[in-house]
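Asker: Have a look at this one.
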Amino acid sequence: MAGLVEQLAWDSEFFGFPIGRVSLDGATAETLPTIEAEARELGIVCLYGALDPVAVDTAYLVQTFGHRLVEVAVLFGRPDVPYAVRPTASTVRRGTVSDLPGLEDPIATLAPWSRFATDPRFGPDAAQRMFHAWVERAARDGEKYMLLISEDANGVTGLSTHVRAKVPRIDLLGVVAPGSGASQALMAGFVEWAGRGPIEAGPCAARNIAVLRFLEHGGFSIVRTQYLFHRWLDEPTRLLP
Ligand SMILES: CC(C)(COP(=O)(O)OP(=O)(O)OC[C@H]1O[C@@H](n2cnc3c(N)ncnc32)[C@H](O)[C@@H]1OP(=O)(O)O)[C@@H](O)C(=O)NCCC(=O)NCCS
């Protein structure tokens, strides 16, 4: 039953140690040791796991095998209907690499909501570095990935990054002035870039109430929810008897 664990080249390179990924859907007390053995064989240090939350018993079981829940990730979707913006002093434009030095503050708003920030073995600095990398990718690309910046007379008020996929998706959104309408202006910029058809947002951390409310007010609803786990291979295999 080999081939369950996928090695993640980008993550391994970025964090500096071998990282892999596995689907925990359908995992049992018999398959979990097999997954573990395969990950060890590949030299994996941290194994990401994803599980459909409908499998409540499996969610408990995998934790007894050392897979630590680090995030409940919620993906949102929205049908092709007009997006209402609230009046705001912020205007929105495409961002480029020359904007990167001025984006520290909005990037800092994102870091606490990352699963890497909640896992102390990665930590908030690693989360911040990763968001930098995502924003930079969006600034450099402009086609598949795209960066939007909002600003008012005092400077940058927020940013958002976007992925052009079958269903276009907003993957990061952070504003330094919550409640100012900058977030809605960025979302409107995304809707315009995406063109006709449905859009998606996230995945978002379920503990992030502000973004859940923001998306709910904007006509989004849940498309998919996943439990995300980190299994550190140097931690005990069985945490519970
Ligand atoms: C998420 C975010 C973009 C929303 O933008 P915003 O300008 O705050 O949006 P809104 O003004 O529409 O406020 C959203 C809702 O969250 C509520 N809210 C804000 N902060 C909150 C908090 N800490 N706890 C609970 N609710 C909160 C607001 O009251 C509002 O709800 P309401 O209209 O029912 O009162 C912004 O809060 C933000 O940048 N947060 C930090 C970065 C982040 O979490 N990004 C999302 C993950 S990528």
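By order in the structure tokens, chains are A, B, ...; within a chain, residues start at 1; ligands start at 1, following the order shown.
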So that each row is one residue of chain A with an atom at most 9 Å from ligand 1, can you give its shortest atom pair and the distance in Å to one decimal, using only C-alpha atoms and all ligand atoms, rows by chain and rising number, as a Markdown table?

Answerer:
| residue | atom | partner | partner_atom_place_in_ligand_line | distance |
| --- | --- | --- | --- | --- |
| A:Pro106 | CA | ligand 1 | 39 (O) | 7.3 |
| A:Ile107 | CA | ligand 1 | 42 (C) | 8.1 |
| A:Ala108 | CA | ligand 1 | 42 (C) | 8.1 |
| A:Thr109 | CA | ligand 1 | 42 (C) | 4.6 |
| A:Leu110 | CA | ligand 1 | 42 (C) | 4.3 |
| A:Ala111 | CA | ligand 1 | 42 (C) | 7.8 |
| A:Pro112 | CA | ligand 1 | 44 (O) | 7.8 |
| A:Trp113 | CA | ligand 1 | 44 (O) | 6.0 |
| A:Ser114 | CA | ligand 1 | 47 (C) | 8.0 |
| A:Gly158 | CA | ligand 1 | 39 (O) | 7.3 |
| A:Leu159 | CA | ligand 1 | 39 (O) | 8.6 |
| A:Ser160 | CA | ligand 1 | 48 (S) | 8.2 |
| A:Ile170 | CA | ligand 1 | 48 (S) | 8.6 |
| A:Asp171 | CA | ligand 1 | 48 (S) | 6.4 |
| A:Leu172 | CA | ligand 1 | 48 (S) | 4.0 |
| A:Leu173 | CA | ligand 1 | 48 (S) | 4.7 |
| A:Gly174 | CA | ligand 1 | 39 (O) | 3.4 |
| A:Val175 | CA | ligand 1 | 39 (O) | 3.8 |
| A:Val176 | CA | ligand 1 | 39 (O) | 6.2 |
| A:Ala177 | CA | ligand 1 | 7 (O) | 6.5 |
| A:Pro178 | CA | ligand 1 | 7 (O) | 3.5 |
| A:Gly179 | CA | ligand 1 | 11 (O) | 3.2 |
| A:Ser180 | CA | ligand 1 | 7 (O) | 5.7 |
| A:Gly181 | CA | ligand 1 | 7 (O) | 5.6 |
| A:Ala182 | CA | ligand 1 | 7 (O) | 6.2 |
| A:Ser183 | CA | ligand 1 | 5 (O) | 4.8 |
| A:Gln184 | CA | ligand 1 | 7 (O) | 7.1 |
| A:Ala201 | CA | ligand 1 | 48 (S) | 8.8 |
| A:Gly202 | CA | ligand 1 | 48 (S) | 6.8 |
| A:Pro203 | CA | ligand 1 | 48 (S) | 8.0 |
| A:Cys204 | CA | ligand 1 | 47 (C) | 5.8 |
| A:Ala205 | CA | ligand 1 | 47 (C) | 7.2 |
| A:Asn208 | CA | ligand 1 | 44 (O) | 6.1 |
| A:Ile209 | CA | ligand 1 | 25 (C) | 4.9 |
| A:Ala210 | CA | ligand 1 | 16 (O) | 3.4 |
| A:Val211 | CA | ligand 1 | 1 (C) | 3.7 |
| A:Leu212 | CA | ligand 1 | 16 (O) | 7.2 |
| A:Arg213 | CA | ligand 1 | 15 (C) | 4.6 |
| A:Phe214 | CA | ligand 1 | 14 (C) | 4.0 |
| A:Leu215 | CA | ligand 1 | 14 (C) | 7.8 |
| A:Glu216 | CA | ligand 1 | 15 (C) | 8.8 |
| A:His217 | CA | ligand 1 | 12 (O) | 7.0 |
| A:Gly218 | CA | ligand 1 | 12 (O) | 8.2 |

Asker: Give me the range 2-74 of chain A side of the contact with range 115-132 of chain A, cut-off 8 Å, one line per residue showing its nearest atom pair and distance in Å at one decimal, counting only C-alpha atoms, sorted by chain and residue number, as a tab-separated table.

Answerer:
residue	atom	partner	partner_atom	distance
A:Phe15	CA	A:Ala126	CA	7.8
A:Val70	CA	A:Arg115	CA	5.6
A:Glu71	CA	A:Arg115	CA	5.7

Asker: At what distance in Å, to one decimal, does CA of Arg238 in chain A lie from CA of Leu51 in chain A?

Answerer: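 So the answer is 18.7 Å.
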
Asker: Rank nothing, just name the residue among A:Glu38, A:Glu30, A:Asp25, A:Asp141 nearest to Ala50 in chain A, using only C-alpha atoms.

Answerer: A:Asp25

Asker: Using only C-alpha atoms for the distances, tell me which of A:Pro82, A:Ile222, A:Gly95, A:Pro236 is nearest to Met187 in chain A.

Answerer: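 Once distances to Met187 in chain A are computed over only C-alpha atoms, the minimum belongs to A:Pro82.
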
Asker: To test your reading of the structure, identify every residue in range 110-160 of chain A that backbone DSSP assigns to helix (DSSP H, G or I), and report it as a PyMOL selection string.

Answerer: chain A and resi 110-113+115-118+124-141

Asker: Generate a file of the selected residues that holds N, CA and C atoms, formatted as a CSV table (one decimal), in the first residue's frame.

Answerer:
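To be explicit, this is the file written out as out_38.csv:
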chain,number,residue,atom,x,y,z
A,110,LEU,N,-2.1,39.0,8.5
A,110,LEU,CA,-2.5,37.7,8.0
A,110,LEU,C,-1.9,36.6,8.9
A,111,ALA,N,-0.6,36.8,9.3
A,111,ALA,CA,0.2,35.8,9.9
A,111,ALA,C,-0.5,35.0,11.1
A,112,PRO,N,-1.2,35.7,12.0
A,112,PRO,CA,-1.8,35.0,13.2
A,112,PRO,C,-2.8,33.9,12.7
A,113,TRP,N,-3.4,34.1,11.5
A,113,TRP,CA,-4.4,33.2,11.1
A,113,TRP,C,-3.9,32.0,10.3
A,115,ARG,N,-2.1,28.3,9.9
A,115,ARG,CA,-1.9,27.1,10.7
A,115,ARG,C,-0.5,26.9,11.1
A,116,PHE,N,0.4,27.6,10.4
A,116,PHE,CA,1.8,27.5,10.7
A,116,PHE,C,2.1,28.3,11.9
A,117,ALA,N,1.4,29.4,12.1
A,117,ALA,CA,1.5,30.2,13.3
A,117,ALA,C,1.0,29.5,14.6
A,118,THR,N,0.0,28.7,14.4
A,118,THR,CA,-0.6,28.0,15.6
A,118,THR,C,0.2,26.8,16.0
A,124,PRO,N,5.0,31.9,14.4
A,124,PRO,CA,4.5,33.1,13.7
A,124,PRO,C,5.5,33.6,12.7
A,125,ASP,N,6.8,33.6,12.9
A,125,ASP,CA,7.7,34.1,12.0
A,125,ASP,C,7.7,33.3,10.7
A,126,ALA,N,7.6,32.0,10.8
A,126,ALA,CA,7.5,31.2,9.6
A,126,ALA,C,6.3,31.5,8.8
A,127,ALA,N,5.2,31.7,9.5
A,127,ALA,CA,3.9,32.0,8.9
A,127,ALA,C,4.0,33.3,8.1
A,128,GLN,N,4.6,34.3,8.7
A,128,GLN,CA,4.8,35.6,8.1
A,128,GLN,C,5.7,35.5,6.8
A,129,ARG,N,6.8,34.7,6.9
A,129,ARG,CA,7.7,34.5,5.8
A,129,ARG,C,6.9,33.8,4.6
A,130,MET,N,6.0,32.9,5.0
A,130,MET,CA,5.3,32.2,4.0
A,130,MET,C,4.3,33.1,3.2
A,131,PHE,N,3.6,34.0,4.0
A,131,PHE,CA,2.7,34.9,3.4
A,131,PHE,C,3.5,35.9,2.5
A,132,HIS,N,4.7,36.3,2.9
A,132,HIS,CA,5.6,37.2,2.1
A,132,HIS,C,5.8,36.5,0.7
A,133,ALA,N,6.1,35.2,0.8
A,133,ALA,CA,6.4,34.4,-0.4
A,133,ALA,C,5.1,34.4,-1.3
A,134,TRP,N,3.9,34.2,-0.7
A,134,TRP,CA,2.7,34.2,-1.5
A,134,TRP,C,2.4,35.5,-2.2
A,135,VAL,N,2.6,36.6,-1.4
A,135,VAL,CA,2.4,37.9,-1.9
A,135,VAL,C,3.4,38.2,-3.1
A,136,GLU,N,4.6,37.8,-2.9
A,136,GLU,CA,5.6,38.0,-3.9
A,136,GLU,C,5.3,37.3,-5.2
A,137,ARG,N,4.8,36.0,-5.0
A,137,ARG,CA,4.4,35.2,-6.2
A,137,ARG,C,3.3,35.9,-7.0
A,138,ALA,N,2.4,36.5,-6.2
A,138,ALA,CA,1.2,37.2,-6.9
A,138,ALA,C,1.7,38.4,-7.6
A,139,ALA,N,2.7,39.1,-6.9
A,139,ALA,CA,3.2,40.4,-7.5
A,139,ALA,C,4.0,40.1,-8.8
A,140,ARG,N,4.7,39.0,-8.8
A,140,ARG,CA,5.6,38.7,-9.9
A,140,ARG,C,4.8,38.2,-11.1
A,141,ASP,N,3.7,37.4,-10.8
A,141,ASP,CA,3.0,36.7,-11.9
A,141,ASP,C,2.0,37.6,-12.6

Asker: Within 12 Å of Gly3 in chain A, counting only C-alpha atoms, which residues show up once you throw out same-chain ones fewer than 5 positions away? Write them as a ChimeraX atom specification, please.

Answerer: /A:20-23,34-39,41-42

Asker: Which one is closest to Leu75 in chain A: A:Ser12, A:Ser98, A:Gln7, A:Thr225? Count only C-alpha atoms.

Answerer: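 Distance minimum relative to Leu75 in chain A lands on A:Thr225.
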
Asker: Between CA of Arg224 in chain A and CA of Phe76 in chain A, measure the distance and give it in Å to one decimal.

Answerer: 7.1 Å

Asker: Compile the contact shell of Val156 in chain A as JSON, numbers by chain: residues with an atom at most 8 Å away, counting only C-alpha atoms, same-chain residues fewer than 5 positions apart removed.

Answerer: {"A": [102, 103, 149, 150, 151]}

Asker: Output N, CA, C and O atoms for every residue in the selection just made, as an mmCIF file, in the first residue's frame.

Answerer:
data_model
loop_
_atom_site.group_PDB
_atom_site.id
_atom_site.type_symbol
_atom_site.label_atom_id
_atom_site.label_comp_id
_atom_site.auth_asym_id
_atom_site.auth_seq_id
_atom_site.Cartn_x
_atom_site.Cartn_y
_atom_site.Cartn_z
ATOM 1 N N GLY A 102 6.466 48.023 0.910
ATOM 2 C CA GLY A 102 5.439 48.773 1.643
ATOM 3 C C GLY A 102 4.275 47.927 2.130
ATOM 4 O O GLY A 102 3.260 48.468 2.581
ATOM 5 N N LEU A 103 4.428 46.589 2.053
ATOM 6 C CA LEU A 103 3.283 45.731 2.373
ATOM 7 C C LEU A 103 3.428 44.992 3.704
ATOM 8 O O LEU A 103 2.648 44.081 3.996
ATOM 9 N N ILE A 149 -3.829 45.955 -4.300
ATOM 10 C CA ILE A 149 -3.476 46.800 -3.165
ATOM 11 C C ILE A 149 -4.546 47.872 -3.016
ATOM 12 O O ILE A 149 -4.975 48.468 -4.009
ATOM 13 N N SER A 150 -4.972 48.120 -1.780
ATOM 14 C CA SER A 150 -5.874 49.254 -1.531
ATOM 15 C C SER A 150 -5.071 50.328 -0.814
ATOM 16 O O SER A 150 -4.181 50.023 -0.007
ATOM 17 N N GLU A 151 -5.400 51.573 -1.112
ATOM 18 C CA GLU A 151 -4.672 52.675 -0.475
ATOM 19 C C GLU A 151 -5.566 53.906 -0.375
ATOM 20 O O GLU A 151 -6.491 54.077 -1.166
#

Asker: Just to confirm, what's the straight-line distance from CA of Ala206 in chain A to CA of Val72 in chain A in Å (one decimal)?

Answerer: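 Calculated distance between CA of Ala206 in chain A and CA of Val72 in chain A is 5.5 Å.
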